[in-house]
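Peer 1: One structure, as structure tokens, below. Some questions next.
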Amino acid sequence: MAVPISQMGTVAWYVIKKRLAGNKRYPLVLMLEPLFRCNLACAGCGKVQYPPHILKKQLSPEECFAAVEECGAPLVSLPGGEPLLHPQIVEIVNGLIARKKYIYLCTNALELKRRLPEFTPSKYLTFSVHLDGEREHHDYSVCREGGYDIAVEGIKEAVKRGFRVTTNATFFDGTDPNSVRGFFDEVMDMGVEGIVLSPGYSYDKAPDQTKFMGRARVRRLFRAILSNRKPTWKFNMSPLFLEFLMGDRKYECTPWGSPAFNIFGWQRPCYLLQEGYAESFKELLETTKWEEYGVASGNPKCANCMVSCGYEPSAVIEGFGSLKGFWGMVRGTFSRYPDPHALKLLNEPMPHGRTPLVQIDHSTQTLEETNA
Amino acid sequence: MTAEVAKYTMAQVEALELAPGAEHEQLEGWVPALATDDELRQALGKALDYRGDVTLTLKTGERIEAFIFNCQTGPTLAESFLQYFTPSSPEKRKVGYAEIARVEFTGKDRAAGKHWEDWVKAYNEKKAAGEKNIALVPDKLD
């Protein structure tokens with residue numbers, strides 16, 4: 001079990017209280033983007049393409065605290081941009097810890113080793129290090145050779161100093177499931193608490209991108225990756241969300257489950273789409289036309305999305321909201337998901353040979369998929 | 001299926017093998033004609049999606065260099081407004097659609113030319129030439 005009991009208990013109690021109060025829409029994770037500035041220039045990134053005067057702006061600690069208190073979510077994710085470039089990030093983190101929020105500071109770790117002495121280990125603070133795969137794959141993905149080695153150095157130092165550390169990876173079309181499984185072995189050997197993963201998504205405002213995995217392909221890839229798990233692998237995610245990625249469960253998106261706040265305000269309707277901003281969280285909840293989003297809406301912008309910020313809240317709410325969901329979560333935590341068909345695929349050669357690199361051409365391999 | 005599909009059925013969504021990526025128009029330097037209310041609304045919709053500054057000329061003659069991040073549209077121009085940041089001001093600002101006379105896409109499009117495929121091609125070429133420490137670097141802020 002990768003998520004500590006205290007954190008699970010906090011989230012469970014929060015969900016139960018919201019349900020008992022009859023709340024229909026409530027947040028689980030605040031995506032608090034303190035800045036958009038980044039020290040990487042990943043091709044295709046949909047988060048950091050702004051004019052310099054926007055990239056120089058950042059939320060003050062007071063603005064961060066006000067957003068956290070207004071939102072009320074028990075978990076706070078600090079993505080960006082690169083949060084460690086924020087000159088007051090330590091003050092922000094310490095303020096959130098004082099408010100007893102479980103923080104996931106998402107970092108590419110280029111600055112992590114240097115900045116670690118400024119932070120204090122806490123059960124509330126996790127460094128969630130962006131690692132997209134084995135060395136060559138990660139460097140290729142973040143468009144920087146040597147990026148993996150620097151990040152791993154930061155991870156090892158953080159683990160040594162007693163911090164909670166997870167890795168987070170995004171996988172795109174052409175990903176070699178064997179390479180990903182090898183990568184899981186690598187990161188668990190580094191002593192991290194668990195792995196976080198998600199399929200890629202075609203940001204509407206990102207630079208031109210021509211190919212993204214649709215849902216059928218996502219389910220096949222994640223079934224190949226996540227079936228027949230090794231006992232050493234730990235995932236810092238809801239087991240029900242992982243089953244959703246494998247095609248064993250169906251969920252509708254819960255976009256208000258991970259609301260995003262940044263220098264522009266409260267982002268509509270979710271962390272990925274930018275269709276305007278609200279001045280307050282209350283305004284976001286009350287005035288966003290939620291029925292126009294999610295797969296059931298038929299909105300093409302939501303068609304290929306199976307990303308954690310929309311679907312993991314759905315899984316968490318099911319997990320802590322019913323006995324059946326809770327039992328599914330317990331069973332999923334301890335299951336290895338044996339699947340001979342998925343194993344067969346892993347033993348077949350990739351069209352490009354075994355490679356750690358994401359390929360642009362499409363795999364012609366087929367895998368019988370599970371689709372709940 | 002393409003990005004032009006207005007609405008997917010659940011069956012189409014679940015069977016989707018590949019999703020069309022985002023396609024962006026080349027808007028840098030564009031000065032749209034604003035003869036009608038609809039043309040103004042469309043131009044401001046594109047300005048909202050644009051990853052660069054635009055220059056707004058108000059009916060008073062004032063010119064504003066702005067990064068538009070929010071458009072709130074109502075049934076009439078008088079009930080519609082947009083929010084923006086200027087390069088020189090830290091505060092969010094607001095202007096009504098009805099006050100706008102001209103829109104120019106004057107700033108550099110920061111999302112242009114950053115395709116994944118371009119990186120793959122450049123990487124492979126540099127690797128073949130024996131280069132080390134191949135990387136893309138962020139744009140300078142000054």
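Just so we're on the same page: first chain in the structure tokens is A, next is B, and so on; residues restart at 1 for each chain, and ligands are numbered from 1 in the order they show up.
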Skip stretch 42-58 of chain B itself and residues of its chain fewer than 3 positions away, then list as an NGL selection string all residues within 6 Å of it, counting only C-alpha atoms.
Peer 2: (:A and (50-51)) or (:B and (39 or 61-69 or 99-111))
Peer 1: Take the residues that were just selected and, keeping C-alpha atoms, output them as an mmCIF file, in the first residue's frame.
Peer 2:
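Output below, filename part.cif:
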```cif
data_model
loop_
_atom_site.group_PDB
_atom_site.id
_atom_site.type_symbol
_atom_site.label_atom_id
_atom_site.label_comp_id
_atom_site.auth_asym_id
_atom_site.auth_seq_id
_atom_site.Cartn_x
_atom_site.Cartn_y
_atom_site.Cartn_z
ATOM 1 C CA TYR A 50 2.934 32.275 -22.590
ATOM 2 C CA PRO A 51 4.481 35.696 -23.266
ATOM 3 C CA GLU B 39 -17.014 38.881 -36.413
ATOM 4 C CA GLY B 61 -8.757 55.551 -29.644
ATOM 5 C CA GLU B 62 -6.823 54.044 -26.716
ATOM 6 C CA ARG B 63 -4.532 51.136 -27.701
ATOM 7 C CA ILE B 64 -3.943 48.301 -25.215
ATOM 8 C CA GLU B 65 -1.358 45.530 -25.515
ATOM 9 C CA ALA B 66 -3.018 42.610 -23.765
ATOM 10 C CA PHE B 67 -2.811 38.910 -22.994
ATOM 11 C CA ILE B 68 -6.458 37.850 -22.964
ATOM 12 C CA PHE B 69 -7.230 34.996 -20.574
ATOM 13 C CA GLU B 99 -15.856 49.249 -26.355
ATOM 14 C CA ILE B 100 -13.541 47.434 -28.808
ATOM 15 C CA ALA B 101 -12.999 48.807 -32.315
ATOM 16 C CA ARG B 102 -10.031 46.775 -33.582
ATOM 17 C CA VAL B 103 -8.097 43.595 -32.675
ATOM 18 C CA GLU B 104 -4.561 42.889 -33.927
ATOM 19 C CA PHE B 105 -2.627 39.685 -33.233
ATOM 20 C CA THR B 106 0.626 41.578 -32.703
ATOM 21 C CA GLY B 107 2.504 39.422 -30.183
ATOM 22 C CA LYS B 108 4.597 36.352 -30.929
ATOM 23 C CA ASP B 109 2.597 33.104 -30.900
ATOM 24 C CA ARG B 110 4.369 31.192 -28.120
ATOM 25 C CA ALA B 111 2.806 27.861 -29.101
#
```
Peer 1: Can you work out which residues from chain B touch chain A at a cut-off of 7 Å (counting only C-alpha atoms) and hand them back as a PyMOL selection string?
Peer 2: chain B and resi 3+5-10+13-24+49+51-53+69-71+87+110-112+114-116+119+133-138+141
Peer 1: Near stretch 312-323 of chain A, within 10 Å and counting only C-alpha atoms, which residues show up once chain neighbours fewer than 3 positions away are dropped, as an mmCIF file with C-alpha atoms, in the first residue's frame?
Peer 2:
```cif
data_model
loop_
_atom_site.group_PDB
_atom_site.id
_atom_site.type_symbol
_atom_site.label_atom_id
_atom_site.label_comp_id
_atom_site.auth_asym_id
_atom_site.auth_seq_id
_atom_site.Cartn_x
_atom_site.Cartn_y
_atom_site.Cartn_z
ATOM 1 C CA MET A 8 -6.272 7.697 3.293
ATOM 2 C CA GLY A 9 -8.172 8.237 6.530
ATOM 3 C CA VAL A 11 -9.618 11.593 2.448
ATOM 4 C CA ALA A 12 -12.102 8.878 3.493
ATOM 5 C CA TRP A 13 -13.483 10.985 6.345
ATOM 6 C CA TYR A 14 -13.714 14.014 4.040
ATOM 7 C CA VAL A 15 -15.687 12.057 1.404
ATOM 8 C CA ILE A 16 -18.008 10.563 4.028
ATOM 9 C CA LYS A 18 -19.467 15.487 2.151
ATOM 10 C CA ARG A 19 -21.828 12.643 1.300
ATOM 11 C CA TYR A 26 -16.934 18.821 -3.939
ATOM 12 C CA PRO A 27 -13.186 18.987 -4.615
ATOM 13 C CA LEU A 28 -10.639 16.361 -3.589
ATOM 14 C CA VAL A 29 -7.395 17.822 -4.917
ATOM 15 C CA MET A 237 -3.098 6.178 -6.826
ATOM 16 C CA SER A 238 -6.551 4.731 -6.359
ATOM 17 C CA PRO A 239 -6.566 1.037 -7.415
ATOM 18 C CA LEU A 240 -9.987 1.689 -8.941
ATOM 19 C CA PHE A 241 -8.533 4.384 -11.205
ATOM 20 C CA LEU A 242 -5.869 1.939 -12.396
ATOM 21 C CA GLU A 243 -8.649 -0.580 -13.151
ATOM 22 C CA PHE A 244 -10.386 2.177 -15.122
ATOM 23 C CA ARG A 249 -14.253 -0.080 -14.835
ATOM 24 C CA LYS A 250 -16.216 2.726 -16.384
ATOM 25 C CA TYR A 251 -16.295 6.208 -14.872
ATOM 26 C CA GLU A 252 -17.631 9.578 -15.844
ATOM 27 C CA CYS A 253 -15.353 12.579 -15.407
ATOM 28 C CA THR A 254 -15.486 14.556 -12.149
ATOM 29 C CA PRO A 255 -13.927 17.835 -13.352
ATOM 30 C CA TRP A 256 -14.735 19.696 -10.119
ATOM 31 C CA GLY A 257 -12.833 16.984 -8.210
ATOM 32 C CA SER A 258 -9.470 18.574 -9.132
ATOM 33 C CA MET A 306 -8.764 9.383 -19.290
ATOM 34 C CA VAL A 307 -6.482 11.605 -17.247
ATOM 35 C CA SER A 308 -6.204 11.281 -13.482
ATOM 36 C CA CYS A 309 -7.323 14.848 -12.693
ATOM 37 C CA PHE A 326 -14.189 0.084 -0.645
ATOM 38 C CA TRP A 327 -13.963 -3.685 -1.098
ATOM 39 C CA GLY A 328 -12.849 -3.130 -4.716
ATOM 40 C CA MET A 329 -10.137 -0.831 -3.458
ATOM 41 C CA VAL A 330 -8.904 -3.338 -0.859
#
```
Peer 1: Select, from A:Phe163, A:Phe36, A:Trp233, A:Tyr311, the residue with the minimum atom-to-atom distance to A:Cys270, counting only C-alpha atoms.
Peer 2: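 Among A:Phe163, A:Phe36, A:Trp233, A:Tyr311, it is A:Tyr311 that comes nearest to A:Cys270.
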